[in-house]
Every structure is written in structure tokens, then in C-alpha cells.
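Taking it in order: structure first as C-alpha cells, then the write-up.
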Amino acid sequence: MSSVHELDFLKEKIQELKDQGVYRKLPVLGTASQAEVILNGNKVINLSSNNYLGFANHPRLKKGAIEAIEKYGAGSGAVRTIIGNMDIHEELESLLAEFKREEAAFLYQSGFNCNAGTIQAVTEAGDIIISDELNHASIIDGTRLSKAARGIYKHSDMDGLEAILKESRDKYKNILIITDGVFSMDGDIAKLPEIVQLAEKYEAMTYVDDAHGSGVLGESGRGTVDHFGLHGRVDFSIGTLSKAIGVVGGYVAGSQTMYEWLSHRARPILFSTSLPPAAVGAIIEAIKMLMESTEYTDRLWENAGYFKEKLGKLGFNTGHSETPITPVIIGEESKTMEFSKKLLDNGVYVSGIVFPTVPKGSGRVRCMVTAAHTKDQLDEAVRVFELVGKEMGIL
Ligand SMILES: *Cc1c(COP(=O)(O)O)cnc(C)c1O
């Protein structure tokens, strides 16, 4: 007799994954996240992390983490509303507000939590949330937690956005337009000036998730809002502390009013323990480093430009990225996965991304160049791309 505890219904679904050829084991990293790593026991050049600035294993961040542990311990002890709100959490929030050139910044345990908490806290039944179709999964989930209605426009289609705004203005109380700042699969930037203009025309609020723009775009990585000079015109400016900043966490920068409301109603901070001191100590150093110098962001863009140019010259299709995210579009799904596997066999790790994450027939390997890569490492990666590209008849 089969028992319910055998989870047979999941075994069947897992078998389906195997039949479809998409079952996989998680790759295992045996070193810090850095330019060259041990992956599944082999030394490879890492072109697959979001550690844009090389901060994840930076000595200054590690020192900040260790000092915070010495003073504050390993854990914060409670949610922020009880007694888990340490002075370093507030110090980090002030620093983030200054960095982002906004009145205030509200700290969460992750970028995902930030979207899960903020969207539902600032919308309610009778409102509408209007979203770009390519927005991140955490925005989709955050939107599902809200009682507001939903509208979706085609990727970066401003006519489509305006049509929904026009139709919604009299039907709903508040309108919230949400977009990624940088779209992670193609590396294109949201049309933020146009979005802000439309928002102002139809009296809508704006919400930019700058997970891939934080630490990358704008002056010393201040983000997409800074890149376009739109300070004071975007209501909710979300950043992660887990990608370019190299640690973990998320925040929303905006007005003092926003801060006050979220400190009463953001569920991830009411019901989940605050960031550990080590993370906060490390992040504070990272933000200080960005405020002191553009050295890291400059090197990131230089490395990304160098790599992109070399791949383009070889004849690879690197799409229409405007940021260091460098997709190399292969097309067919199985060919994309084979390309990625052959790169790995030759010592370069770049993850393959295929349907349903990207449209059918637009499979790609997504290269994430960082400030920490040396020219030698990038040259070696280009050599391997050329080798495998010729072997597979892509070039
Ligand atoms: C990665 C990502 C997140 C999640 O951030 P974490 O800090 O890793 O939880 C949210 N939004 C976007 C657009 C992202 O790319």
C-alpha cells in the first residue's frame, strides 16, 4: 500500500522533469565567489555570478563583517519591531539614503523580501499595479500578495503602458507602475524617463527594482534613477545588497513618509528576523567604498566593454545589452545547453538560459563579467568561446 508520506505525486513530477531533459543537480562552488573558482571540483573562470564589483570576497568587507560580529554577535536576536533593530541597521539605512540621494531607505533581509513586503504595504483593493511583462519573479509574487488589480504591458512598450494608464485612471484610486531598472536576461535598461513622464501625466506612482542597476549604473553605482537624473520623481527605488554589493539584503529608497509607513506595515520586517550583524558590517564597508571612489564601477564597465567587443568581433550575437550583462545568443535550446557544457569542459563557466526563462528559440549563455576579472582571464574566456563556437559551427 502506498503511503501518503512517499510523496508519490512529487516523484511523478520529478520523473516528468527527467523525461523532458531538464532535471539537474545544483552546481557546487568550493571557493569564495570570485573570478576563478572551484566548481564541482574543477578550476574554472567564473562568468556566472552577480558579484559585479568583486565585493563578495573583498578584504575590506570581510573585515567589516568580522568587526560587526565581535561587537554585535552572530545573530540579531529578533525581528526589527521587537529588539532586532540594532544601531548598525539604522546606520546602514542612513548611509543608503545618502548614497541613493533620497530622504530615507528602508532595509530588508533580501531583494526578494523587499518586493514581497513593499508592494503589498503600499497598495490595496481599489488600486491597480501596472507591470512590465519581463519584470522579475519577486515582483510578480509581491504583486500577488496585494489586493490591488493588475495590468501588464509588453516589454518596454510605452504605448501599451499609456493605454492601460488611460483606461485605469478613473477606475482606480492609486496607480503603481513597476519596472525592473535593468532587465536581467538581455541587459537592457528600462525607459525610465518616459515611464516617469507618463506616471506624472496620469498621476501614478513609480516603483523601480534596480537589482541589476545597483552598484552598476549611475555615479559610482547609484542606480538607474541616478543614471537618468530622476531623483525625487521615482517613489520607490529598490536595490539589492546581494548582487553588486556582494553580501545579502535589499532596500527601498524614497521618502520619509514611505519609511514611516513601511516600519509599521512591511510584513517581512514584522515577522522575520533582521539581517545578521556580519552582513550589515560588510555592506556598510561596500557602500563606503562606492562613495569614496568610482574605481570599482569604472573597472566593471571597462572589463565588460572589453569582453563584449572581443566576442562581437568574433561574430557572436551579443544582443542589445546596455549594461555589463552580456548575453551570447545561440538560439535552439539543446544547442545552447551543449554550448554551455562545452565551455565548462574547457574551463569557463557560463550558465545556459533557455525557454521558459527566455522566449523559445532565443537560448543564450549569459556572461557576467566583473571588476575582479583580469585581462588574462577575459582573454582566456574569449579563446575558449572561439574554440567552442568554431567546433559547433556557430562561428
Ligand atoms: C535578483 C533580483 C531580486 C532578488 O534579490 P535578492 O537580494 O537576491 O533576493 C529582485 N529583483 C530583481 C530584479 C532581481 O534581479
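Residues in the C-alpha cells are named by chain (A, B, ... in the order shown) and by number from 1 within that chain; ligands are numbered from 1 in the order shown.
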
- Task: Pick out the residues no farther than 7 Å from ligand 1, counting only C-alpha atoms and all ligand atoms, and list them as a PyMOL selection string.
- Result: chain A and resi 110-113+135-136+138-139+180+184+209-212+240-243+248-250

Take the residues that were just selected and, keeping C-alpha atoms, output them as a short mmCIF file (atom, residue, chain, number, x, y, z; two decimals), in the first residue's frame.
```cif
data_model
loop_
_atom_site.label_atom_id
_atom_site.label_comp_id
_atom_site.auth_asym_id
_atom_site.auth_seq_id
_atom_site.Cartn_x
_atom_site.Cartn_y
_atom_site.Cartn_z
CA SER A 110 16.74 40.38 0.75
CA GLY A 111 15.69 41.95 -2.53
CA PHE A 112 13.00 39.29 -2.81
CA ASN A 113 11.64 40.20 0.64
CA ASN A 135 9.60 42.01 -14.50
CA HIS A 136 11.39 39.75 -12.03
CA SER A 138 9.81 38.53 -6.93
CA ILE A 139 7.79 41.46 -8.33
CA ASP A 180 12.93 46.42 -13.40
CA SER A 184 18.47 40.68 -16.27
CA ASP A 209 13.53 47.43 -8.96
CA ASP A 210 17.18 48.14 -9.53
CA ALA A 211 18.64 44.78 -8.51
CA HIS A 212 20.96 44.76 -11.56
CA THR A 240 19.68 44.65 -3.63
CA LEU A 241 22.68 44.26 -1.39
CA SER A 242 23.19 40.73 -2.72
CA LYS A 243 24.39 41.38 -6.26
CA VAL A 248 22.77 39.85 1.09
CA GLY A 249 19.79 42.12 1.68
CA GLY A 250 17.55 44.60 -0.05
#
```

- Contact residues around A:Ile82 with only C-alpha atoms at 12 Å, ignoring same-chain residues under 5 positions, as a ChimeraX atom specification: /A:76-77,263-264,269-274

- Task: For A:Val384, please output as a ChimeraX atom specification all residues within 12 Å (counting only C-alpha atoms; exclusion window: fewer than 5 positions along the same chain).
- Result: /A:44-45,311,314,339-350,377-379,389-391

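The interatomic distance for the pair atom CA of A:Ile177 and atom CA of A:His155 works out to 13.1 Å.
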
- Within 10 Å of A:Ala278 using only C-alpha atoms, minus same-chain residues under 3 positions, as a list of chain:residue names: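 In the requested format, the answer is A:Leu61, A:Lys62, A:Lys63, A:Gly64, A:Ala65, A:Ile66, A:Glu67, A:Ala68, A:Ile69, A:Glu70, A:Lys71, A:Tyr72, A:Gly73, A:Ala74, A:Gly75, A:Ser76, A:Val247, A:Leu275, A:Gly281, A:Ala282, A:Ile283.
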
- Counting only C-alpha atoms, which of A:Asn303, A:Gln256, A:Gln197, A:Asn42 gets nearest to A:Thr370? A:Asn303

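With only C-alpha atoms as the atoms that count, the minimum distance from A:Leu53 to the choices A:Glu6, A:Glu12, A:Asp298, A:Glu333 is reached by A:Asp298.
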
- Have a look at A:Ala105, A:Ser3, A:Trp261, A:Glu124 and name the one nearest to A:His89; count only C-alpha atoms.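 Closest to A:His89, using only C-alpha atoms: A:Ala105.
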
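From atom CA of A:Leu290 back to atom CA of A:Ser220, the distance works out to 5.7 Å.
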
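Ranking A:Arg366, A:Lys18, A:Lys288, A:Arg24 by their shortest atom-to-atom distance to A:Lys308, with only C-alpha atoms included, puts A:Arg366 first.
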
- Step one, run DSSP on the backbone; step two, keep only residues of stretch 13-61 of chain A assigned to strand (DSSP E or B); then write them as a ChimeraX atom specification. /A:29,36-39,42-46

- Message: Could you list, as a list in words, every residue within 8 Å of stretch 230-233 of chain A, counting only C-alpha atoms and ignoring same-chain residues fewer than 3 positions away?
- Response: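 Those residues are Arg101, Glu102, Pro193, Val196, Val225, Asp226, His227 and Gly254 of chain A.
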
- Query: What separation in Å, quoted to one decimal, exists between atom CA of A:Val388 and atom CA of A:Glu338?
  - Reply: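 Atom CA of A:Val388 sits 9.9 Å away from atom CA of A:Glu338.
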
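Within 9 Å of A:Ile164, once only C-alpha atoms are used and residues closer than 3 positions along the same chain are dropped, the contacting residues are Ile130, Gly151, Ile152, Tyr153, Asp159, Gly160, Leu161, Glu167, Ser168 and Arg169 of chain A.
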
- Item | Residues near A:Arg299, cut-off 10 Å, only C-alpha atoms, skip fewer than 4 positions along chain, as a list in words |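 Skipping anything fewer than 4 positions along the chain leaves Tyr52, Leu53, Thr294, Glu295, Asn303, Ala304, Gly305, Thr370, Ala371, Ala372 and His373 of chain A.
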
Would you mind exporting C-alpha atoms of the selected residues as a PDB file, in the first residue's frame?
```
ATOM      1  CA  TYR A  52      29.766  42.621 -10.340  1.00  0.00           C
ATOM      2  CA  LEU A  53      32.328  44.547  -8.319  1.00  0.00           C
ATOM      3  CA  THR A 294      34.422  55.181  -8.812  1.00  0.00           C
ATOM      4  CA  GLU A 295      37.389  52.805  -9.171  1.00  0.00           C
ATOM      5  CA  ASN A 303      36.082  44.868 -18.393  1.00  0.00           C
ATOM      6  CA  ALA A 304      32.551  44.408 -19.716  1.00  0.00           C
ATOM      7  CA  GLY A 305      33.258  46.642 -22.739  1.00  0.00           C
ATOM      8  CA  THR A 370      33.044  41.568 -13.099  1.00  0.00           C
ATOM      9  CA  ALA A 371      35.513  44.218 -11.960  1.00  0.00           C
ATOM     10  CA  ALA A 372      37.568  41.381 -10.448  1.00  0.00           C
ATOM     11  CA  HIS A 373      38.369  39.603 -13.722  1.00  0.00           C
TER      12      HIS A 373
END
```

- Backbone DSSP call of helix (DSSP H, G or I) for stretch 156-335 of chain A, listed as a PyMOL selection string: chain A and resi 158-168+192-201+219-221+224-227+256-265+267-271+277-292+295-314+333-335
